[in-house]
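Asker: Just upload-v5.csv, nothing more (CSV, C-alpha atoms):
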```csv
chain,number,residue,atom,x,y,z
I,2,MET,CA,-95.8,30.5,-34.9
I,3,HIS,CA,-95.0,34.2,-34.2
I,4,VAL,CA,-91.4,35.1,-33.2
I,5,THR,CA,-90.0,38.5,-32.4
I,6,LYS,CA,-86.8,39.8,-34.0
I,7,HIS,CA,-84.8,42.7,-32.6
I,8,ARG,CA,-82.3,44.5,-35.0
I,9,PHE,CA,-79.3,46.4,-33.7
I,10,ASP,CA,-77.4,48.5,-36.2
I,11,GLY,CA,-74.0,49.9,-35.2
I,12,TRP,CA,-70.4,49.0,-34.3
I,13,ILE,CA,-68.5,46.5,-32.1
I,14,ALA,CA,-65.0,47.0,-31.0
I,15,GLY,CA,-63.0,44.1,-29.6
I,16,ILE,CA,-59.9,45.0,-27.6
I,17,GLY,CA,-57.3,43.0,-25.6
I,18,THR,CA,-54.9,44.6,-23.1
I,19,ALA,CA,-51.5,43.7,-21.6
I,20,THR,CA,-53.1,42.9,-18.2
I,21,GLY,CA,-55.3,40.3,-19.7
I,22,THR,CA,-58.6,42.3,-19.5
I,23,ARG,CA,-60.6,42.1,-22.8
I,24,LEU,CA,-63.2,44.6,-23.7
I,25,VAL,CA,-66.1,44.4,-26.2
I,26,VAL,CA,-67.7,47.8,-26.8
I,27,GLY,CA,-71.1,48.0,-28.5
I,28,PHE,CA,-72.2,51.3,-30.0
I,29,TRP,CA,-75.8,51.1,-31.4
I,30,PRO,CA,-77.1,54.3,-33.0
I,31,ARG,CA,-80.2,52.3,-34.1
I,32,SER,CA,-81.9,49.7,-31.9
I,33,PRO,CA,-85.3,48.8,-30.4
I,34,PHE,CA,-84.2,50.7,-27.3
I,35,GLY,CA,-83.1,53.8,-29.1
I,36,PRO,CA,-79.4,54.8,-29.4
I,37,PHE,CA,-77.2,53.3,-26.7
I,38,ALA,CA,-73.8,51.9,-25.9
I,39,ASP,CA,-72.7,49.1,-23.6
I,40,VAL,CA,-69.4,47.4,-22.7
I,41,MET,CA,-68.7,43.7,-22.0
I,42,VAL,CA,-65.6,43.2,-19.9
I,43,GLU,CA,-63.8,39.9,-19.1
I,44,ARG,CA,-60.9,40.2,-16.7
I,45,ALA,CA,-57.8,38.0,-16.7
I,46,ASP,CA,-59.3,35.8,-14.0
I,47,GLY,CA,-62.4,35.1,-16.1
I,48,HIS,CA,-64.8,37.4,-14.2
I,49,ARG,CA,-67.3,38.9,-16.7
I,50,VAL,CA,-68.9,42.3,-16.2
I,51,LEU,CA,-71.6,44.1,-18.2
I,52,LEU,CA,-71.7,47.9,-18.2
I,53,ALA,CA,-75.2,48.9,-19.2
I,54,PRO,CA,-76.8,52.4,-19.4
I,55,SER,CA,-80.3,51.3,-18.2
I,56,GLU,CA,-82.2,48.5,-16.5
I,57,ARG,CA,-84.0,47.8,-19.8
I,58,VAL,CA,-80.8,47.4,-21.8
I,59,ALA,CA,-79.2,45.4,-18.9
I,60,GLU,CA,-82.1,43.0,-18.7
I,61,PHE,CA,-82.1,42.3,-22.5
I,62,VAL,CA,-78.3,42.0,-22.8
I,63,SER,CA,-77.9,39.8,-19.7
I,64,ALA,CA,-80.7,37.5,-20.9
I,65,THR,CA,-78.9,37.1,-24.2
I,66,TYR,CA,-75.3,36.8,-22.9
I,67,ARG,CA,-73.6,35.5,-19.8
I,68,PHE,CA,-72.1,37.7,-17.0
I,69,ASP,CA,-71.0,37.4,-13.4
I,70,GLU,CA,-71.8,41.0,-12.6
I,71,VAL,CA,-73.9,43.8,-14.1
I,72,VAL,CA,-73.1,47.5,-13.5
I,73,LEU,CA,-75.7,50.1,-14.3
I,74,CYS,CA,-74.0,53.4,-15.3
I,75,PRO,CA,-74.0,55.9,-18.2
I,76,VAL,CA,-72.0,54.6,-21.1
I,77,ASN,CA,-70.8,57.3,-23.4
I,78,VAL,CA,-69.1,56.6,-26.8
I,79,ARG,CA,-67.8,59.4,-29.0
I,80,PRO,CA,-66.8,58.0,-32.4
I,81,ALA,CA,-64.4,59.9,-34.7
I,82,ARG,CA,-62.3,59.1,-37.7
I,83,GLU,CA,-59.0,59.6,-35.7
I,84,ARG,CA,-60.0,58.4,-32.3
I,85,TRP,CA,-62.9,56.9,-30.4
I,86,THR,CA,-63.4,57.5,-26.7
I,87,VAL,CA,-65.5,55.5,-24.2
I,88,ALA,CA,-66.5,56.3,-20.7
I,89,GLY,CA,-68.6,54.1,-18.5
I,90,GLY,CA,-68.5,53.5,-14.8
I,91,PRO,CA,-64.9,52.5,-13.8
I,92,LEU,CA,-63.8,52.3,-17.5
I,93,ARG,CA,-62.1,54.9,-19.5
I,94,LEU,CA,-61.0,53.9,-23.0
I,95,ALA,CA,-59.6,55.4,-26.2
I,96,PHE,CA,-58.8,53.6,-29.4
I,97,VAL,CA,-57.7,54.4,-32.9
I,98,PRO,CA,-59.2,52.6,-35.9
I,99,GLY,CA,-57.2,52.1,-39.0
I,100,ARG,CA,-58.3,51.8,-42.6
I,101,PRO,CA,-60.6,49.0,-43.7
I,102,THR,CA,-59.0,45.6,-44.2
I,103,ALA,CA,-59.3,43.8,-47.5
I,104,LEU,CA,-62.2,41.9,-46.0
I,105,GLY,CA,-63.8,45.1,-44.8
I,106,ARG,CA,-63.6,46.6,-48.2
I,107,LEU,CA,-65.3,43.5,-49.7
I,108,LEU,CA,-68.1,43.6,-47.1
I,109,ARG,CA,-68.8,47.3,-47.9
I,110,THR,CA,-69.6,46.3,-51.5
I,111,VAL,CA,-72.5,44.1,-50.5
I,112,PRO,CA,-75.9,45.9,-50.9
I,113,ASP,CA,-77.4,46.9,-47.6
I,114,ARG,CA,-80.6,44.9,-48.0
I,115,ILE,CA,-78.5,41.8,-48.4
I,116,GLY,CA,-75.5,42.5,-46.3
I,117,GLY,CA,-77.5,43.3,-43.1
I,118,SER,CA,-79.8,40.2,-43.3
I,119,PRO,CA,-79.7,37.1,-41.1
I,120,ALA,CA,-79.5,35.0,-44.3
I,121,TRP,CA,-76.3,36.8,-45.3
I,122,ALA,CA,-74.9,36.3,-41.7
I,123,ALA,CA,-75.7,32.6,-41.9
I,124,LEU,CA,-74.0,32.3,-45.3
I,125,CYS,CA,-70.8,33.9,-43.9
I,126,ASP,CA,-70.6,31.7,-40.8
I,127,VAL,CA,-68.3,29.0,-42.2
I,128,PRO,CA,-65.9,31.5,-44.0
I,129,ALA,CA,-65.8,33.6,-40.8
I,130,ARG,CA,-64.8,30.5,-38.7
I,131,LEU,CA,-62.0,29.6,-41.2
I,132,LEU,CA,-60.6,33.1,-41.5
I,133,MET,CA,-61.0,34.2,-37.8
I,134,PRO,CA,-60.9,31.2,-35.3
I,135,GLY,CA,-63.4,31.8,-32.5
I,136,VAL,CA,-65.6,34.1,-34.5
I,137,ARG,CA,-69.1,32.9,-35.4
I,138,THR,CA,-71.8,34.9,-37.2
I,139,ARG,CA,-74.8,32.9,-36.1
I,140,GLY,CA,-75.7,30.7,-33.1
I,141,SER,CA,-77.9,30.1,-30.1
I,142,ALA,CA,-78.0,32.7,-27.4
I,143,GLY,CA,-79.3,32.7,-23.8
I,144,GLY,CA,-83.0,32.0,-23.0
I,145,GLY,CA,-83.7,30.1,-26.2
I,146,ARG,CA,-82.8,33.1,-28.4
I,147,ARG,CA,-81.1,32.9,-31.7
I,148,GLU,CA,-78.6,35.5,-33.0
I,149,TRP,CA,-77.0,36.6,-36.3
I,150,TYR,CA,-74.1,39.0,-36.8
I,151,ALA,CA,-74.0,40.5,-40.3
I,152,ALA,CA,-70.6,42.4,-40.7
I,153,ARG,CA,-70.6,45.4,-43.0
I,154,ASP,CA,-67.0,46.7,-42.5
I,155,LEU,CA,-63.9,45.7,-40.6
I,156,ARG,CA,-61.1,47.9,-39.4
I,157,PRO,CA,-58.0,47.0,-37.3
I,158,LEU,CA,-57.2,49.0,-34.2
I,159,THR,CA,-53.8,50.6,-34.4
I,160,ALA,CA,-53.6,51.8,-30.8
I,161,ALA,CA,-55.7,51.7,-27.6
I,162,ARG,CA,-55.4,52.7,-23.9
I,163,ALA,CA,-57.8,51.8,-21.1
I,164,THR,CA,-58.0,52.3,-17.4
I,165,TRP,CA,-60.3,50.6,-14.8
I,166,ASP,CA,-60.9,52.5,-11.6
I,167,GLY,CA,-57.9,54.6,-12.6
I,168,ALA,CA,-55.5,51.6,-13.0
I,169,ASP,CA,-53.9,51.3,-16.4
I,170,LEU,CA,-54.8,48.1,-18.2
I,171,GLY,CA,-51.7,48.2,-20.4
I,172,GLU,CA,-51.0,48.4,-24.1
I,173,LEU,CA,-53.1,47.0,-26.9
I,174,ARG,CA,-52.9,43.2,-27.2
I,175,PRO,CA,-54.8,40.5,-29.1
I,176,VAL,CA,-58.1,39.4,-27.7
I,177,ALA,CA,-56.8,36.2,-26.2
I,178,PRO,CA,-58.1,34.0,-24.8
I,179,PRO,CA,-61.4,34.5,-26.6
I,180,VAL,CA,-64.1,36.2,-24.6
I,181,ARG,CA,-66.9,34.0,-23.2
I,182,PHE,CA,-70.1,36.1,-23.2
I,183,GLY,CA,-71.9,34.1,-25.9
I,184,PHE,CA,-71.6,31.5,-28.6
I,185,GLY,CA,-68.6,33.2,-30.2
I,186,SER,CA,-65.8,35.7,-29.7
I,187,VAL,CA,-64.7,38.9,-31.4
I,188,PRO,CA,-61.7,38.6,-33.8
I,189,ARG,CA,-58.4,37.9,-32.1
I,190,ARG,CA,-56.9,40.9,-33.8
I,191,PRO,CA,-58.2,44.1,-32.1
I,192,SER,CA,-60.8,45.5,-34.5
I,193,LEU,CA,-63.8,47.7,-35.1
I,194,THR,CA,-66.6,46.0,-36.9
I,195,ARG,CA,-69.6,47.7,-38.5
I,196,VAL,CA,-72.4,45.2,-37.9
I,197,VAL,CA,-76.1,44.6,-38.0
I,198,THR,CA,-77.1,42.2,-35.2
I,199,THR,CA,-80.4,40.4,-35.2
I,200,VAL,CA,-81.7,38.7,-32.1
I,201,GLU,CA,-84.7,36.4,-32.4
I,202,LEU,CA,-86.7,35.8,-29.3
I,203,PRO,CA,-88.5,32.5,-28.9
I,204,ALA,CA,-92.2,32.3,-29.4
I,205,PRO,CA,-94.2,32.7,-26.2
I,206,THR,CA,-95.6,29.4,-24.9
I,207,ALA,CA,-99.4,29.3,-25.2
I,208,ALA,CA,-101.3,28.9,-22.0
I,209,PRO,CA,-103.2,25.7,-21.6
I,210,THR,CA,-106.9,25.8,-22.5
I,211,CYS,CA,-109.2,25.1,-19.6
I,212,ARG,CA,-112.7,23.6,-20.1
I,213,ASN,CA,-115.3,22.2,-18.0
I,214,ALA,CA,-115.4,18.4,-17.6
```
Could you render the structure as structure tokens?
Answerer:
Amino acid sequence: MHVTKHRFDGWIAGIGTATGTRLVVGFWPRSPFGPFADVMVERADGHRVLLAPSERVAEFVSATYRFDEVVLCPVNVRPARERWTVAGGPLRLAFVPGRPTALGRLLRTVPDRIGGSPAWAALCDVPARLLMPGVRTRGSAGGGRREWYAARDLRPLTAARATWDGADLGELRPVAPPVRFGFGSVPRRPSLTRVVTTVELPAPTAAPTCRNA
């Protein structure tokens, strides 16, 4: 049975704010859709918003994760060693990544052909749950899809500032409660994770064969 796997190679930033809004930024230099960025937002009241740069990306992401609202808008991410900036629709965000954690340094030693594979992600699922409650590296996504997150690096965020429609979201805080877009959350500690994400689409259902009686 043929299945299709889509591979996304990039970074995920998970950020909590003093107002209770949590942000998950995806920056994907390599993907089936070309380079793009998107942002998943969960407000303090639980309302979930996707900021997506195109209908194609919005359709794929909203079929994989759960949202209450989808906003189509340019999403621009500028990565830098000292400071990343994000601009998308009503969101303006800047954050500062720190040095890799001990776990991040360990992940960087794993060869690329192993460390980016679904098998490696599956192997890391139990340790990830024990070390970072709420985090899962494999699971079932929307529409019968399966997904694997293979982490390649992990850096804490030392500072962040965000606004939504010009209103300040407050200082950097833990990502709590966990976000509810998919089967797992980002780490509670605000962080920037280098990751290879694999999404497996279910095999298409064969059409019934018609024959004359």
Asker: Give me, as a ChimeraX atom specification, all polymer residues having an atom no more than 9 Å from stretch 186-201 of chain I, counting all atoms listed in the file and skipping those fewer than 3 positions away in the same chain.
Answerer: /I:4-17,25,65,98-99,105,116-119,133-137,142,145-159,173-183
Asker: Find the distance between atom CA of I:Ala160 and atom CA of I:Glu70 and write it in Å to one decimal.
Answerer: 27.9 Å
Asker: Identify which of the residues I:Phe184, I:Trp165, I:Phe61, I:Phe37 lies closest to I:Pro91, counting only C-alpha atoms when measuring atom-to-atom distances.
Answerer: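 Between I:Phe184, I:Trp165, I:Phe61, I:Phe37, the residue approaching I:Pro91 most closely is I:Trp165.
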Asker: Between atom CA of I:Arg23 and atom CA of I:Gly171, measure the distance and give it in Å to one decimal.
Answerer: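 Distance reported for this atom pair: 11.1 Å.
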Asker: Given all atoms listed in the file as the basis, pick out the residue of I:Glu56, I:Arg130, I:Ala168, I:Pro203 nearest to I:Phe34.
Answerer: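 Distance minimum relative to I:Phe34 lands on I:Glu56.
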Asker: Restricting the calculation to only C-alpha atoms: of I:Ala19, I:Val58, I:Ala163, I:Ala64, which residue gets closest to I:Arg93?
Answerer: I:Ala163
Asker: Would you mind listing what lies within 9 Å of I:Val40 as number ranges by chain, with all atoms listed in the file counted and same-chain residues fewer than 4 positions away left out?
Answerer: I: 24-28, 50-53, 76, 89
Asker: Tell me which of I:Val127, I:Ala103, I:Leu94, I:Leu108 sits closest to I:Asp169, counting all atoms listed in the file.
Answerer: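 So, comparing all the options, the nearest one is I:Leu94.
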Asker: Taking into account only C-alpha atoms, which residue in the set I:Arg162, I:Arg44, I:Arg67, I:Arg114 is nearest to I:Ala95?
Answerer: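 Result for the nearest residue to I:Ala95: I:Arg162.
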Asker: Do you have the atom CA of I:Asn77-atom CA of I:Pro54 distance handy?
Answerer: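 Separating atom CA of I:Asn77 from atom CA of I:Pro54 is a distance of 8.7 Å.
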Asker: Given only C-alpha atoms as the basis, pick out the residue of I:Thr20, I:Thr164, I:Ser63, I:Ser55 nearest to I:Ala88.
Answerer: I:Thr164
